[in-house]
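A quick write-up on the structure given underneath.
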Amino acid sequence: MTFEELNLKPELILSVSELGFVSPMPVQEKVIPFLLDDTERDLVALAETGSGKTAAFGLPILNTIALDEKHIQALVLSPTRELCMQICKDIQSYGKFMKGLKVVPVYGGENIVAQYKQLDVQPHVLVATPGRLVDLINRGKVHLENVRTFVLDEADEMLDMGFKDDLETVMQQLPENHRSLMFSATMPREIAEIANNYMRDHEEITIGTRNAGAENVEHIFYMVKADDRYLALKRIVDINPDIYAIVFCRTRMETKEVADNLIKDGYNADALHGDLTQAQRDTVMNRFRAKSLQVLVATDVAARGLDVNNLTHVINYNLPDDIEVYTHRSGRTGRAGKKGISIAIIHQREQYRIRKIEKIIKKQFRRELVPTGPDICKRQLFHLIKRMEFAEVNAEQINMFMPEITAKLSYLSKEEIISRFVSLEFNRFAEYYKSAGDINIKTEERKKKSDSDKKPFDKKSDKKSDRKGDKKEDRKKERKGRAEENKSWKEANVNPFIEAKKKNAPSKRGKKIRLKMHYGSKQNATPRSVLGIINNYTNDKRIFIGDIEITQHFTFFDVYADQAEKVLAAFAGAKGRGMKVEMA
């Protein structure tokens with residue numbers, strides 16, 4: 001089926017063609033004909049986020065709009081500011097060739113005076129968040145008596161966010177002869193109640209299986225001790241060099257802690273949580289959409305309305321209490337026919353929750369082992385080689401330098417040049433993971449051990465005592481392994497100056513410069529966190545950091561003179577991120 005076969009207005013066919021739409025997606029193929037052919041009945045459509053729902057209701061709405069009538073004919077409610085803006089933008093793009101069409105978004109967190117002006121002439125389509133809409137209704141600025149189509153988008157999330165009273169207030173303002181369309185990823189009891197109480201003879205259309213996860217999503221879990229969650233997360237990120245992921249945490253505090261640790265450890269990450277101002281939130285979300293961030297750490301509430309395509313992974317740092325929330329999380333990847341991976345980091349006592357989720361989403365999780373140091377080093381090495389292999393060569397700009405470079409490296413063989421190039425990045429991971437232990441919980445070994453414990457007890461040999469001693473020794477080794485892995489980050493990234501001093505070897509790079517960072521012990525500065533910040537800002541692991549001295553308000557550190565300018569420029573170009581570095 002094509003869009004031309006759906007009996008839409010020529011203006012709409014032209015706009016979708018210009019947008020590159022050829023064949024309707026499954027939800028559009030089912031919903032659009034129903035809305036165009038049966039103009040009376042209400043609709044409940046169950047489809048995952050990112051499945052093309054906006055076009056499914058937006059195109060039929062525009063097909064029935066009377067452009068000469070200057071009042072609100074269609075109302076679309078969405079749970080968040082970001083989703084509200086996105087829906088409005090999409091509907092405007094579908095109606096690009098409908099001369100005189102007016103689509104207006106209204107939402108909280110924005111100056112209400114500006115929105116007042118937009119409503120001086122009532123739009124044909126109003127897209128709104130519940131709280132701001134109720135406010136505008138109470139002020140007499142929005143009039144819903146002529147609404148013919150009412151759309152409730154992301155209905156399950158709307159209820160999760162506590163908008164039930166606002167929804168009822170809005171519904172009471174609608175005329176009796178309006179039509180209601182409700183779109184939801186899941187069908188909890190509250191959604192069924194709204195359908196029964198406020199909808200007339202409604203049709204239910206389900207894309208896929210009710211309450212099931214996205215078809216293209218693979219579900220994986222890793223099992224580690226609770227204390228090893230963060231180490232497991234870092235290894236998951238390291239084994240996937242091209243990762244573009246959201247990491248979900250339960251609380252704001254955990255979100256901040258995980259994001260701060262990732263940033264300090266040199267990862268390209270940031271946090272999204274309820275303590276951010278709207279301006280800060282917009283900045284983080286725009287950076288993530290532009291892929292200048294690889295990993296976004298967020299709470300479920302903060303991530304609502306964040307519509308991002310091409311996510312490779314969704315990582316559950318903690319499983320949510322509500323299984324439907326897991327469905328929402330995992331549905332953010334594997335969109336538009338692409339593959340996605342949903343990962344859960346769990347401890348042994350949480351296995352039963354994996355089984356419960358499997359029953360609801362009707363899919364099996366696959367258990368994988370947290371990758372080892374050698375696994376990660378190999379993956380990173382070949383990722384580096386692949387990047388080099390497909391790097392775009394700007395011959396026009398670099399040809400002038402090639403004779404000098406060739407002469408400078410003439411004493412090296414081809415093999416030596418390749419090995420040195422590879423070592424620039426590979427050595428960091430190899431050094432970091434050289435002492436990294438296995439953090440997987442070995443359930444099979446434990447099972448065998450418990451089976452052997454059931455054998456008759458031999459009083460003559462103190463086997464019970466031996467087993468206690470073995471377990472104590474195992475715990476000791478595990479703690480030591482974790483401590484060595486955390487310690488090895490610092491050893492892997494820094495202090496050739498300190499090592500040189502230990503060996504009494506003079507520096508070959510020449511003069512060193514002392515820099516001052518406005519970040520001290522009062523802000524919990526440590527040598528490791530300072531190094532992570534420098535790595536994050538400069539995005540260059542080859543910057544050599546020398547002696548680090550931390551005072552109450554400042555940190556002083558040495559860099560070579562030929563690298564000082566790069567460090568200063570990196571921090572000078574990062575205004576608004578709250579970190580200042582200058583000459584000491």
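In the structure tokens, chains take the letters A, B, ... in the order shown, each chain's residues start at 1, and ligands count up from 1 in the order shown.
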
Set the distance at 7 Å and use only C-alpha atoms: which residues neighbour segment 579-582 of chain A once local chain neighbours fewer than 3 positions away are removed? I'd like the list as a PDB file with all heavy atoms, in the first residue's frame.
ATOM      1  N   LEU A 515      49.168  25.202  35.569  1.00  0.00           N
ATOM      2  CA  LEU A 515      47.824  25.726  35.354  1.00  0.00           C
ATOM      3  C   LEU A 515      46.992  25.605  36.632  1.00  0.00           C
ATOM      4  O   LEU A 515      47.290  24.784  37.502  1.00  0.00           O
ATOM      5  CB  LEU A 515      47.129  24.967  34.215  1.00  0.00           C
ATOM      6  CG  LEU A 515      47.807  25.027  32.835  1.00  0.00           C
ATOM      7  CD1 LEU A 515      46.981  24.258  31.818  1.00  0.00           C
ATOM      8  CD2 LEU A 515      48.017  26.456  32.378  1.00  0.00           C
ATOM      9  N   LYS A 516      45.963  26.435  36.698  1.00  0.00           N
ATOM     10  CA  LYS A 516      45.103  26.451  37.886  1.00  0.00           C
ATOM     11  C   LYS A 516      43.651  26.190  37.465  1.00  0.00           C
ATOM     12  O   LYS A 516      43.117  26.873  36.598  1.00  0.00           O
ATOM     13  CB  LYS A 516      45.197  27.804  38.593  1.00  0.00           C
ATOM     14  CG  LYS A 516      44.293  27.910  39.828  1.00  0.00           C
ATOM     15  CD  LYS A 516      44.520  29.209  40.597  1.00  0.00           C
ATOM     16  CE  LYS A 516      43.871  30.389  39.915  1.00  0.00           C
ATOM     17  NZ  LYS A 516      43.911  31.614  40.736  1.00  0.00           N
ATOM     18  N   MET A 517      43.019  25.201  38.102  1.00  0.00           N
ATOM     19  CA  MET A 517      41.611  24.885  37.860  1.00  0.00           C
ATOM     20  C   MET A 517      40.777  25.337  39.052  1.00  0.00           C
ATOM     21  O   MET A 517      41.149  25.088  40.202  1.00  0.00           O
ATOM     22  CB  MET A 517      41.452  23.365  37.662  1.00  0.00           C
ATOM     23  CG  MET A 517      40.020  22.912  37.395  1.00  0.00           C
ATOM     24  SD  MET A 517      39.871  21.102  37.259  1.00  0.00           S
ATOM     25  CE  MET A 517      40.694  20.802  35.707  1.00  0.00           C
ATOM     26  N   HIS A 518      39.667  25.983  38.793  1.00  0.00           N
ATOM     27  CA  HIS A 518      38.783  26.468  39.861  1.00  0.00           C
ATOM     28  C   HIS A 518      37.907  25.313  40.357  1.00  0.00           C
ATOM     29  O   HIS A 518      36.699  25.249  40.120  1.00  0.00           O
ATOM     30  CB  HIS A 518      37.924  27.628  39.347  1.00  0.00           C
ATOM     31  CG  HIS A 518      38.691  28.878  39.109  1.00  0.00           C
ATOM     32  ND1 HIS A 518      38.423  30.070  39.733  1.00  0.00           N
ATOM     33  CD2 HIS A 518      39.789  29.119  38.331  1.00  0.00           C
ATOM     34  CE1 HIS A 518      39.286  31.007  39.327  1.00  0.00           C
ATOM     35  NE2 HIS A 518      40.119  30.441  38.469  1.00  0.00           N
ATOM     36  N   LEU A 568      44.033  25.146  27.695  1.00  0.00           N
ATOM     37  CA  LEU A 568      43.388  26.430  27.977  1.00  0.00           C
ATOM     38  C   LEU A 568      42.279  26.718  26.966  1.00  0.00           C
ATOM     39  O   LEU A 568      41.195  27.186  27.334  1.00  0.00           O
ATOM     40  CB  LEU A 568      44.427  27.558  27.956  1.00  0.00           C
ATOM     41  CG  LEU A 568      45.455  27.537  29.106  1.00  0.00           C
ATOM     42  CD1 LEU A 568      46.581  28.526  28.845  1.00  0.00           C
ATOM     43  CD2 LEU A 568      44.774  27.852  30.439  1.00  0.00           C
ATOM     44  N   PHE A 571      39.043  24.597  27.648  1.00  0.00           N
ATOM     45  CA  PHE A 571      38.202  25.079  28.742  1.00  0.00           C
ATOM     46  C   PHE A 571      37.597  26.442  28.415  1.00  0.00           C
ATOM     47  O   PHE A 571      36.476  26.735  28.820  1.00  0.00           O
ATOM     48  CB  PHE A 571      39.001  25.137  30.051  1.00  0.00           C
ATOM     49  CG  PHE A 571      39.159  23.799  30.699  1.00  0.00           C
ATOM     50  CD1 PHE A 571      40.207  22.962  30.363  1.00  0.00           C
ATOM     51  CD2 PHE A 571      38.245  23.348  31.635  1.00  0.00           C
ATOM     52  CE1 PHE A 571      40.354  21.709  30.942  1.00  0.00           C
ATOM     53  CE2 PHE A 571      38.376  22.103  32.231  1.00  0.00           C
ATOM     54  CZ  PHE A 571      39.433  21.280  31.880  1.00  0.00           C
TER      55      PHE A 571
END

**OP:** Could you find all residues in segment 293-351 of chain A that DSSP calls strand (DSSP E) from the backbone, and write them as a ChimeraX atom specification?
**Re:** /A:295-298,313-316,340-346

**OP:** Please provide the set of residues having any atom within 10 Å of Leu35 of chain A, restricted to only C-alpha atoms, with same-chain residues fewer than 5 positions apart removed, written as a ChimeraX atom specification.
**Re:** /A:30,40-43,56-57,59-61,181

Original post:
Excluding same-chain residues fewer than 6 positions from segment 278-288 of chain A, what lies within 12 Å of it counting only C-alpha atoms, as number ranges by chain?
Top reply: A: 81-82, 108-110, 244-246, 268-272, 294-298, 302-311, 576-577

Deliver the residues from the most recent selection as a file, using C-alpha atoms, as a compact mmCIF listing (two decimals), in the first residue's frame.
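Wrote part-v3.txt, looks like this:
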# COMPACT_ATOMS: atom_id res chain seq x y z
CA ARG A 81 6.73 20.04 26.51
CA GLU A 82 9.19 18.33 24.15
CA GLY A 108 4.40 24.89 30.55
CA GLY A 109 7.88 26.28 31.18
CA GLU A 110 7.30 29.03 28.59
CA TYR A 244 24.46 5.79 21.53
CA ALA A 245 22.44 5.04 24.65
CA ILE A 246 20.19 6.13 27.47
CA ASN A 268 31.21 11.32 26.77
CA ALA A 269 28.15 11.48 29.05
CA ASP A 270 25.72 13.82 30.82
CA ALA A 271 22.66 13.64 33.06
CA LEU A 272 18.97 14.47 32.65
CA GLN A 294 27.16 9.24 23.50
CA VAL A 295 25.56 8.33 26.82
CA LEU A 296 22.65 10.08 28.54
CA VAL A 297 21.93 9.09 32.15
CA ALA A 298 18.30 9.83 33.06
CA ALA A 302 13.09 13.35 33.05
CA ALA A 303 13.33 11.28 29.84
CA ARG A 304 9.63 11.57 29.03
CA GLY A 305 9.10 13.41 25.78
CA LEU A 306 12.71 12.84 24.70
CA ASP A 307 12.13 11.54 21.19
CA VAL A 308 15.50 10.40 19.78
CA ASN A 309 16.04 8.19 16.76
CA ASN A 310 18.76 5.62 16.15
CA LEU A 311 19.49 4.73 19.80
CA GLY A 576 28.57 27.70 30.74
CA ARG A 577 29.78 24.29 31.86

Which residues of segment 165-219 of chain A sit at most 12 Å from segment 129-133 of chain A, using only C-alpha atoms? Give each one's shortest atom pair and distance in Å (one decimal place), in chain and ascending residue order, as CSV.
residue,atom,partner,partner_atom,distance
A:Asp165,CA,A:Pro130,CA,9.4
A:Asp166,CA,A:Pro130,CA,5.9
A:Leu167,CA,A:Pro130,CA,6.6
A:Glu168,CA,A:Pro130,CA,9.9
A:Thr169,CA,A:Pro130,CA,9.2
A:Val170,CA,A:Pro130,CA,7.8
A:Met171,CA,A:Pro130,CA,10.7
A:Gln173,CA,A:Leu133,CA,11.2

For N, CA and C atoms, I'd like the residues from the last selection saved as a PDB file, in the first residue's frame.
ATOM      1  N   ASP A 165      -6.614  14.320  36.780  1.00  0.00           N
ATOM      2  CA  ASP A 165      -7.589  15.376  37.086  1.00  0.00           C
ATOM      3  C   ASP A 165      -7.649  16.409  35.970  1.00  0.00           C
ATOM      4  N   ASP A 166      -6.489  16.792  35.435  1.00  0.00           N
ATOM      5  CA  ASP A 166      -6.464  17.757  34.333  1.00  0.00           C
ATOM      6  C   ASP A 166      -7.163  17.200  33.095  1.00  0.00           C
ATOM      7  N   LEU A 167      -6.954  15.902  32.835  1.00  0.00           N
ATOM      8  CA  LEU A 167      -7.596  15.276  31.680  1.00  0.00           C
ATOM      9  C   LEU A 167      -9.114  15.339  31.813  1.00  0.00           C
ATOM     10  N   GLU A 168      -9.604  15.047  32.999  1.00  0.00           N
ATOM     11  CA  GLU A 168     -11.051  15.072  33.212  1.00  0.00           C
ATOM     12  C   GLU A 168     -11.596  16.489  33.061  1.00  0.00           C
ATOM     13  N   THR A 169     -10.817  17.490  33.524  1.00  0.00           N
ATOM     14  CA  THR A 169     -11.231  18.891  33.372  1.00  0.00           C
ATOM     15  C   THR A 169     -11.360  19.247  31.893  1.00  0.00           C
ATOM     16  N   VAL A 170     -10.386  18.842  31.103  1.00  0.00           N
ATOM     17  CA  VAL A 170     -10.399  19.137  29.665  1.00  0.00           C
ATOM     18  C   VAL A 170     -11.565  18.429  28.984  1.00  0.00           C
ATOM     19  N   MET A 171     -11.764  17.152  29.304  1.00  0.00           N
ATOM     20  CA  MET A 171     -12.806  16.373  28.640  1.00  0.00           C
ATOM     21  C   MET A 171     -14.202  16.943  28.911  1.00  0.00           C
ATOM     22  N   GLN A 173     -14.903  19.985  29.020  1.00  0.00           N
ATOM     23  CA  GLN A 173     -15.075  21.193  28.204  1.00  0.00           C
ATOM     24  C   GLN A 173     -15.394  20.871  26.750  1.00  0.00           C
TER      25      GLN A 173
END

Original post:
Any idea what the distance is between atom CA of Glu145 of chain A and atom CA of Ser78 of chain A?
Top reply: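 Pair atom CA of Glu145 of chain A / atom CA of Ser78 of chain A returns 19.8 Å.
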